[in-house]
$ cat data31.txt   # compact mmCIF, C-alpha atoms and all ligand atoms
# COMPACT_ATOMS: atom_id res chain seq x y z
CA MET A 1 69.17 -30.62 50.94
CA GLU A 2 69.81 -29.89 47.25
CA LYS A 3 69.31 -26.31 46.18
CA PRO A 4 66.56 -25.84 43.59
CA LEU A 5 67.77 -25.12 40.04
CA LEU A 6 68.18 -21.46 39.20
CA LYS A 7 65.63 -20.17 36.75
CA LEU A 8 66.85 -18.17 33.81
CA SER A 9 64.87 -16.14 31.28
CA PRO A 10 66.36 -14.21 28.34
CA SER A 11 66.10 -10.96 30.29
CA SER A 12 67.71 -12.35 33.48
CA ALA A 13 70.48 -13.93 31.39
CA THR A 14 71.06 -10.55 29.74
CA ASP A 15 71.14 -8.92 33.19
CA PHE A 16 73.93 -11.25 34.32
CA LYS A 17 75.90 -10.76 31.13
CA SER A 18 75.68 -6.97 31.41
CA CYS A 19 76.12 -6.72 35.20
CA PRO A 20 76.11 -9.64 37.71
CA GLN A 21 75.18 -7.26 40.55
CA LEU A 22 72.11 -6.18 38.63
CA PHE A 23 71.18 -9.85 38.17
CA LYS A 24 71.47 -10.31 41.94
CA PHE A 25 69.25 -7.32 42.68
CA ARG A 26 66.61 -8.54 40.27
CA SER A 27 66.71 -12.34 40.27
CA ILE A 28 68.13 -13.27 43.70
CA ASP A 29 66.99 -10.42 45.97
CA ARG A 30 63.88 -9.80 43.85
CA LEU A 31 63.90 -6.10 44.69
CA GLU A 32 60.91 -4.11 43.58
CA GLU A 33 61.39 -1.67 40.73
CA PRO A 34 59.28 1.29 39.71
CA THR A 35 57.34 0.71 36.49
CA SER A 36 59.12 2.67 33.76
CA ALA A 37 57.25 4.30 30.87
CA ALA A 38 59.06 2.00 28.42
CA ALA A 39 58.24 -1.18 30.36
CA ALA A 40 54.59 -0.18 30.75
CA ARG A 41 54.39 0.61 27.02
CA GLY A 42 55.86 -2.79 26.20
CA SER A 43 53.33 -4.61 28.42
CA LEU A 44 50.33 -2.73 27.05
CA VAL A 45 51.28 -3.08 23.37
CA HIS A 46 52.01 -6.80 23.83
CA ALA A 47 48.61 -7.25 25.51
CA VAL A 48 46.83 -5.45 22.65
CA LEU A 49 48.54 -7.61 20.01
CA GLU A 50 47.75 -10.77 21.93
CA ARG A 51 44.09 -9.80 22.10
CA LEU A 52 44.05 -8.77 18.45
CA PHE A 53 45.17 -12.23 17.37
CA SER A 54 42.47 -13.81 19.53
CA GLU A 55 39.87 -12.04 17.36
CA ALA A 56 38.55 -13.34 14.03
CA PRO A 57 40.91 -12.27 11.20
CA GLU A 58 38.44 -9.77 9.72
CA HIS A 59 38.43 -7.83 13.02
CA ARG A 60 42.19 -7.36 13.15
CA SER A 61 42.19 -3.76 11.94
CA PRO A 62 44.16 -0.69 13.13
CA GLU A 63 40.89 0.81 14.40
CA HIS A 64 40.12 -2.27 16.47
CA ALA A 65 43.67 -2.31 17.83
CA ASP A 66 43.07 1.26 18.95
CA GLU A 67 39.81 0.27 20.66
CA LEU A 68 41.59 -2.58 22.43
CA LEU A 69 44.33 -0.22 23.56
CA VAL A 70 41.80 2.13 25.17
CA ALA A 71 39.83 -0.72 26.76
CA LEU A 72 42.87 -2.54 28.13
CA TRP A 73 44.41 0.67 29.48
CA GLU A 74 41.13 1.61 31.16
CA GLY A 75 41.23 -1.73 32.99
CA VAL A 76 44.74 -1.26 34.41
CA ARG A 77 45.44 2.48 34.46
CA GLN A 78 45.09 2.75 38.26
CA ASN A 79 47.25 -0.31 38.87
CA PRO A 80 50.83 0.66 39.84
CA GLU A 81 52.10 -2.55 38.29
CA PHE A 82 51.02 -1.28 34.86
CA ARG A 83 50.99 2.50 35.29
CA PRO A 84 54.35 4.18 34.64
CA ASP A 85 55.82 5.73 37.75
CA GLY A 86 54.94 9.43 38.02
CA LEU A 87 52.64 9.46 34.98
CA GLY A 88 50.36 12.50 35.33
CA LEU A 89 47.06 13.08 33.55
CA ARG A 90 48.60 15.33 30.91
CA SER A 91 51.53 13.07 30.15
CA GLU A 92 49.17 10.09 30.09
CA GLU A 93 47.70 11.25 26.76
CA GLU A 94 51.15 11.67 25.29
CA TRP A 95 52.24 8.26 26.60
CA LEU A 96 49.09 6.63 25.18
CA GLY A 97 49.85 8.38 21.90
CA ASP A 98 53.25 6.64 21.84
CA ASN A 99 51.47 3.31 22.29
CA ARG A 100 49.16 4.20 19.38
CA THR A 101 52.14 5.00 17.16
CA LEU A 102 53.70 1.61 17.91
CA LEU A 103 50.47 -0.15 17.02
CA ARG A 104 50.07 1.85 13.79
CA ASN A 105 53.64 0.91 12.93
CA TYR A 106 52.81 -2.72 13.55
CA PHE A 107 50.30 -2.59 10.69
CA ARG A 108 53.02 -1.22 8.41
CA LEU A 109 55.03 -4.39 9.01
CA GLU A 110 52.41 -7.06 8.41
CA ASP A 111 48.73 -7.69 7.87
CA PRO A 112 47.45 -9.74 10.83
CA ARG A 113 44.31 -10.70 8.85
CA SER A 114 46.43 -13.01 6.71
CA LEU A 115 48.17 -14.75 9.62
CA GLU A 116 47.19 -17.71 11.73
CA ALA A 117 48.86 -17.64 15.14
CA SER A 118 49.25 -21.14 16.55
CA ARG A 119 50.38 -19.96 19.99
CA LEU A 120 50.27 -16.60 21.72
CA GLU A 121 52.32 -15.64 24.77
CA TRP A 122 53.42 -19.26 24.98
CA TRP A 123 55.22 -20.34 28.16
CA VAL A 124 58.18 -22.64 27.39
CA GLU A 125 60.83 -24.20 29.60
CA TYR A 126 63.75 -26.59 29.49
CA GLU A 127 66.27 -27.85 32.08
CA LEU A 128 70.01 -27.64 31.46
CA THR A 129 72.40 -29.26 33.95
CA ASP A 130 72.62 -26.27 36.30
CA MET A 131 69.81 -24.10 35.08
CA HIS A 132 66.16 -24.04 34.22
CA LEU A 133 65.58 -22.04 31.00
CA ARG A 134 62.14 -20.56 30.70
CA GLY A 135 60.17 -17.71 29.24
CA ARG A 136 57.29 -16.59 27.10
CA ILE A 137 57.28 -16.51 23.31
CA ASP A 138 55.08 -13.73 21.92
CA ARG A 139 53.77 -15.63 18.91
CA ILE A 140 54.33 -18.86 17.01
CA GLU A 141 52.95 -19.69 13.58
CA VAL A 142 53.08 -23.29 12.41
CA GLN A 143 53.37 -23.15 8.61
CA PRO A 144 51.52 -25.58 6.28
CA ASP A 145 54.78 -27.56 5.88
CA GLY A 146 54.95 -27.98 9.69
CA SER A 147 57.82 -25.51 10.21
CA TRP A 148 57.70 -22.98 13.06
CA VAL A 149 58.08 -19.20 12.86
CA LEU A 150 58.69 -17.42 16.17
CA THR A 151 57.93 -13.72 16.52
CA ASP A 152 59.05 -11.38 19.28
CA TYR A 153 57.63 -7.83 19.43
CA LYS A 154 60.11 -5.15 20.44
CA THR A 155 58.98 -1.69 21.51
CA GLY A 156 62.55 -0.29 21.71
CA ARG A 157 64.68 0.90 18.78
CA VAL A 158 66.38 -1.32 16.21
CA PRO A 159 69.91 -2.07 17.43
CA GLY A 160 72.92 -0.96 15.40
CA GLU A 161 74.59 -3.58 13.18
CA SER A 162 77.12 -4.47 15.85
CA ARG A 163 74.31 -5.14 18.38
CA GLU A 164 72.09 -7.25 16.13
CA TYR A 165 73.53 -10.56 17.28
CA ALA A 166 73.15 -9.57 20.94
CA ALA A 167 69.62 -8.36 20.25
CA SER A 168 68.60 -11.75 18.90
CA PHE A 169 69.80 -13.40 22.14
CA GLY A 170 66.21 -13.87 23.36
CA LEU A 171 65.08 -15.59 20.21
CA ARG A 172 68.12 -17.87 20.08
CA PHE A 173 67.27 -18.71 23.68
CA TYR A 174 63.71 -19.61 22.66
CA ALA A 175 64.89 -21.48 19.55
CA LEU A 176 67.11 -23.61 21.81
CA VAL A 177 64.23 -24.31 24.21
CA CYS A 178 61.91 -25.24 21.29
CA TRP A 179 64.53 -27.59 19.90
CA ARG A 180 65.35 -29.29 23.19
CA ALA A 181 61.81 -29.39 24.63
CA PHE A 182 59.83 -30.13 21.43
CA GLN A 183 62.54 -31.40 19.01
CA VAL A 184 61.69 -28.59 16.59
CA VAL A 185 64.29 -26.16 15.27
CA PRO A 186 62.25 -23.09 14.30
CA ALA A 187 62.63 -22.28 10.60
CA GLU A 188 62.66 -18.56 11.29
CA ILE A 189 62.75 -16.24 14.25
CA ARG A 190 61.72 -12.62 13.82
CA LEU A 191 62.32 -9.56 15.92
CA MET A 192 59.61 -7.08 15.06
CA TYR A 193 60.68 -3.55 16.02
CA LEU A 194 57.53 -1.47 16.27
CA SER A 195 59.27 1.79 16.93
CA ASP A 196 61.21 2.18 13.66
CA PRO A 197 59.44 0.01 12.26
CA ALA A 198 61.54 -2.90 10.97
CA ILE A 199 61.86 -6.69 11.14
CA LEU A 200 65.10 -8.54 11.77
CA THR A 201 64.98 -12.21 10.85
CA PHE A 202 67.21 -15.07 11.86
CA ASN A 203 67.20 -18.67 10.59
CA PRO A 204 68.65 -20.94 13.26
CA THR A 205 70.40 -24.21 12.48
CA LYS A 206 71.17 -27.13 14.81
CA GLN A 207 74.84 -26.22 14.60
CA MET A 208 74.12 -22.68 15.81
CA LEU A 209 71.93 -23.96 18.61
CA VAL A 210 74.57 -26.45 19.78
CA ALA A 211 77.03 -23.53 20.00
CA PHE A 212 74.43 -21.40 21.78
CA GLU A 213 73.71 -24.22 24.24
CA LEU A 214 77.41 -24.40 25.14
CA GLN A 215 77.32 -20.63 25.70
CA MET A 216 74.29 -21.01 27.97
CA GLN A 217 75.96 -23.81 29.91
CA ALA A 218 79.01 -21.59 30.48
CA LEU A 219 76.70 -18.80 31.60
CA ALA A 220 74.89 -21.20 33.96
CA ARG A 221 78.24 -22.23 35.49
CA ALA A 222 79.26 -18.59 35.93
CA ILE A 223 75.97 -17.79 37.69
CA LYS A 224 76.24 -20.87 39.87
CA ARG A 225 79.78 -19.81 40.89
CA ALA A 226 78.51 -16.34 41.75
CA VAL A 227 75.70 -17.83 43.85
CA ASP A 228 77.96 -20.36 45.63
CA ASN A 229 80.59 -17.71 46.45
CA ASP A 230 78.07 -14.91 46.95
CA ASP A 231 80.31 -12.94 44.61
CA TRP A 232 78.45 -10.40 42.54
CA ARG A 233 80.69 -8.21 40.41
CA THR A 234 79.52 -4.80 39.39
CA ARG A 235 79.99 -3.66 35.85
CA PRO A 236 79.53 0.11 35.70
CA SER A 237 78.44 1.48 32.36
CA PRO A 238 76.31 4.31 30.99
CA PHE A 239 73.33 2.06 31.74
CA CYS A 240 73.92 2.76 35.48
CA MET A 241 72.29 6.15 34.97
CA THR A 242 68.96 4.41 34.36
CA CYS A 243 69.53 1.45 36.67
CA PRO A 244 66.75 1.39 39.31
CA HIS A 245 69.23 0.13 41.94
CA GLN A 246 72.03 2.62 41.49
CA THR A 247 71.50 4.16 44.93
CA ILE A 248 72.25 0.87 46.69
CA CYS A 249 74.86 -0.43 44.24
CA PRO A 250 78.33 -1.01 45.76
CA ALA A 251 79.95 0.49 42.67
CA TRP A 252 78.31 3.81 43.51
CA ALA A 253 78.50 3.59 47.30
CA HIS A 254 81.13 6.32 47.69
CA THR A 255 79.67 8.72 45.20
CA THR A 256 76.73 11.01 45.27
CA ALA A 257 76.23 11.28 41.55
CA GLN A 258 78.38 10.50 38.59
CA THR A 259 81.55 8.45 39.18
CA PRO A 260 81.51 4.72 40.05
CA ASP A 261 83.84 3.38 42.76
CA PRO A 262 86.77 1.77 40.92
CA GLU A 263 87.34 -0.63 43.86
CA ALA A 264 83.98 -2.21 43.25
CA ARG A 265 84.49 -2.69 39.54
CA GLY A 266 84.91 -6.23 38.30
CA GLU A 267 84.58 -8.46 35.30
CA ALA A 268 82.10 -11.29 34.93
CA ALA A 269 82.18 -14.32 32.69
CA ASP A 270 80.12 -14.07 29.53
S1 LIG A 301 74.19 0.71 39.01
FE1 LIG A 301 75.40 -0.11 37.33
S2 LIG A 301 76.93 -1.41 38.29
FE2 LIG A 301 75.31 -1.06 39.78
S3 LIG A 301 73.88 -2.76 39.55
FE3 LIG A 301 73.11 -1.12 38.28
S4 LIG A 301 74.01 -1.55 36.26
FE4 LIG A 301 75.20 -2.74 37.75
$ encode --input "data31.txt" --output "structure tokens"
Amino acid sequence: MEKPLLKLSPSSATDFKSCPQLFKFRSIDRLEEPTSAAAARGSLVHAVLERLFSEAPEHRSPEHADELLVALWEGVRQNPEFRPDGLGLRSEEEWLGDNRTLLRNYFRLEDPRSLEASRLEWWVEYELTDMHLRGRIDRIEVQPDGSWVLTDYKTGRVPGESREYAASFGLRFYALVCWRAFQVVPAEIRLMYLSDPAILTFNPTKQMLVAFELQMQALARAIKRAVDNDDWRTRPSPFCMTCPHQTICPAWAHTTAQTPDPEARGEAAD
């Protein structure tokens, strides 16, 4: 029987590129992970912005965003899927305050009353030869001339200049899916960093997307090889210190704390 196509999202693709073993833990073994403060903040702020754009334009104010934040948090605060691991009552206020700051920053970047979102949290997918690309686009605006603008909210920091291209990986991924699935090359894709705050924009062309598609096909082949051979290289890096699976990672099997096992090190295809 034929194996089902592997499913790849921007975050799982990034996992494989940064560490194939991490990809295995997350996408093949589907191991549970504690909810981090950063991940929970991202989910809550995204939910508030989605709800805000569902309201009539005149209601899209900072005060209303704050009300939505409180109401949405109240609905999920006891749910371990949404509550950061180990968040106590005292730190909860501080953590909510961080969410508020991100939302205030959002209003420094744009005025949502003047925008018409055509799609919110839009699920898109497309099949390559060995891989099913899929994911959720935060927001799409279809401009009066019919062109598309894709927006992705980021709750982390703006990447340094050398990391900008890597940071736009997710949006290039979505631009490719939009082009292949709907025959539309988005006119602009925007990464909206709520923490700094700042917007990075990117204007894809067909030529860029053809090159990106070749890159994704190579990545799909590398993942397929890893699956077929059950060969998952580790790629130790400073990120290991925050990796939720460090305690079971082969690269750290012979250590109790700081130094990865050099025997388990390996390189993976990009
Ligand atoms: S601990 Fe490091 S090497 Fe191991 S899976 Fe996590 S990121 Fe990869």
$ closest_residue --input "data31.txt" --among "A:Arg221, A:Lys24, A:Arg235, A:Lys17" --to "ligand LIG 301 (chain A)" --atoms "all atoms listed in the file"
A:Arg235
$ closest_residue --input "data31.txt" --among "A:Ala13, A:Met131, A:Ile28, A:Leu22" --to "ligand LIG 301 (chain A)" --atoms "all atoms listed in the file"
A:Leu22
$ closest_atom_pairs --input "data31.txt" --of "range 31-70 of chain A" --to "range 237-254 of chain A" --cutoff "10 Å" --atoms "all atoms listed in the file" --output "tab-separated table"
residue	atom	partner	partner_atom	distance
A:Leu31	CA	A:His245	CA	8.6
A:Glu32	CA	A:Pro244	CA	9.1
A:Glu33	CA	A:Pro244	CA	6.3
A:Pro34	CA	A:Pro244	CA	7.5
A:Thr35	CA	A:Pro244	CA	9.8
A:Ser36	CA	A:Pro244	CA	9.5
$ write_last_selection --input "data31.txt" --atoms "C-alpha atoms" --output "PDB file, in the frame of the given file"
ATOM      1  CA  LEU A  31      63.900  -6.100  44.690  1.00  0.00           C
ATOM      2  CA  GLU A  32      60.910  -4.110  43.580  1.00  0.00           C
ATOM      3  CA  GLU A  33      61.390  -1.670  40.730  1.00  0.00           C
ATOM      4  CA  PRO A  34      59.280   1.290  39.710  1.00  0.00           C
ATOM      5  CA  THR A  35      57.340   0.710  36.490  1.00  0.00           C
ATOM      6  CA  SER A  36      59.120   2.670  33.760  1.00  0.00           C
TER       7      SER A  36
END
$ closest_residue --input "data31.txt" --among "A:Ser168, A:Thr155, A:Ala211, A:Ser195" --to "Thr14 in chain A" --atoms "only C-alpha atoms"
A:Ser168
$ closest_residue --input "data31.txt" --among "A:Trp232, A:Phe182, A:Phe53, A:Tyr126" --to "Leu8 in chain A" --atoms "all atoms listed in the file"
A:Tyr126
$ axis_aligned_box --input "data31.txt" --around "ligand LIG 301 (chain A)" --padding-each-side "4 Å" --output "lines of an AutoDock Vina configuration file"
center_x = 75.0
center_y = -1.0
center_z = 38.0
size_x = 11.8
size_y = 11.5
size_z = 11.5
$ residues_around --input "data31.txt" --residues "Ala71 in chain A" --least-positions-apart "4" --cutoff "12 Å" --atoms "all atoms listed in the file" --output "short mmCIF file (atom, residue, chain, number, x, y, z; two decimals) with C-alpha atoms, in the frame of the given file"
data_model
loop_
_atom_site.label_atom_id
_atom_site.label_comp_id
_atom_site.auth_asym_id
_atom_site.auth_seq_id
_atom_site.Cartn_x
_atom_site.Cartn_y
_atom_site.Cartn_z
CA LEU A 44 50.33 -2.73 27.05
CA ALA A 47 48.61 -7.25 25.51
CA VAL A 48 46.83 -5.45 22.65
CA ARG A 51 44.09 -9.80 22.10
CA HIS A 64 40.12 -2.27 16.47
CA ALA A 65 43.67 -2.31 17.83
CA ASP A 66 43.07 1.26 18.95
CA GLU A 67 39.81 0.27 20.66
CA GLY A 75 41.23 -1.73 32.99
CA VAL A 76 44.74 -1.26 34.41
CA ARG A 77 45.44 2.48 34.46
CA LEU A 96 49.09 6.63 25.18
#
$ residues_near_point --input "data31.txt" --point "(62.4, -23.3, 26.8)" --cutoff "6 Å" --atoms "only C-alpha atoms" --output "list in words"
Val124, Glu125, Tyr126, Leu133, Arg134, Tyr174, Val177 and Cys178 of chain A
$ atom_distance --input "data31.txt" --atom1 "CA of Ala40 in chain A" --atom2 "CA of Lys7 in chain A"
23.6 Å
$ atom_distance --input "data31.txt" --atom1 "CA of Pro186 in chain A" --atom2 "CA of Leu200 in chain A"
15.0 Å
$ closest_residue --input "data31.txt" --among "A:Asn203, A:Ser61, A:Ser43, A:Thr234" --to "ligand LIG 301 (chain A)" --atoms "all atoms listed in the file"
A:Thr234
$ closest_residue --input "data31.txt" --among "A:Ala37, A:Ile189, A:Pro62, A:Ser12" --to "Arg108 in chain A" --atoms "all atoms listed in the file"
A:Pro62
$ atom_distance --input "data31.txt" --atom1 "CA of Pro20 in chain A" --atom2 "CA of Ala226 in chain A"
8.2 Å
$ residues_near_point --input "data31.txt" --point "(70.5, -23.7, 11.7)" --cutoff "12 Å" --atoms "all atoms listed in the file" --output "list in words"
Arg172, Ala175, Leu176, Trp179, Val184, Val185, Pro186, Ala187, Glu188, Ile189, Phe202, Asn203, Pro204, Thr205, Lys206, Gln207, Met208, Leu209, Val210, Ala211 and Phe212 of chain A
$ residues_around --input "data31.txt" --residues "range 90-93 of chain A" --least-positions-apart "3" --cutoff "12 Å" --atoms "all atoms listed in the file" --output "count of residues only"
18
$ residues_around --input "data31.txt" --residues "Gln143 in chain A" --least-positions-apart "6" --cutoff "10 Å" --atoms "all atoms listed in the file" --output "tab-separated table (two decimals) with C-alpha atoms, keeping the file's coordinate frame"
chain	number	residue	atom	x	y	z
A	115	LEU	CA	48.17	-14.75	9.62
A	116	GLU	CA	47.19	-17.71	11.73
A	117	ALA	CA	48.86	-17.64	15.14
A	118	SER	CA	49.25	-21.14	16.55
A	149	VAL	CA	58.08	-19.20	12.86
A	187	ALA	CA	62.63	-22.28	10.60
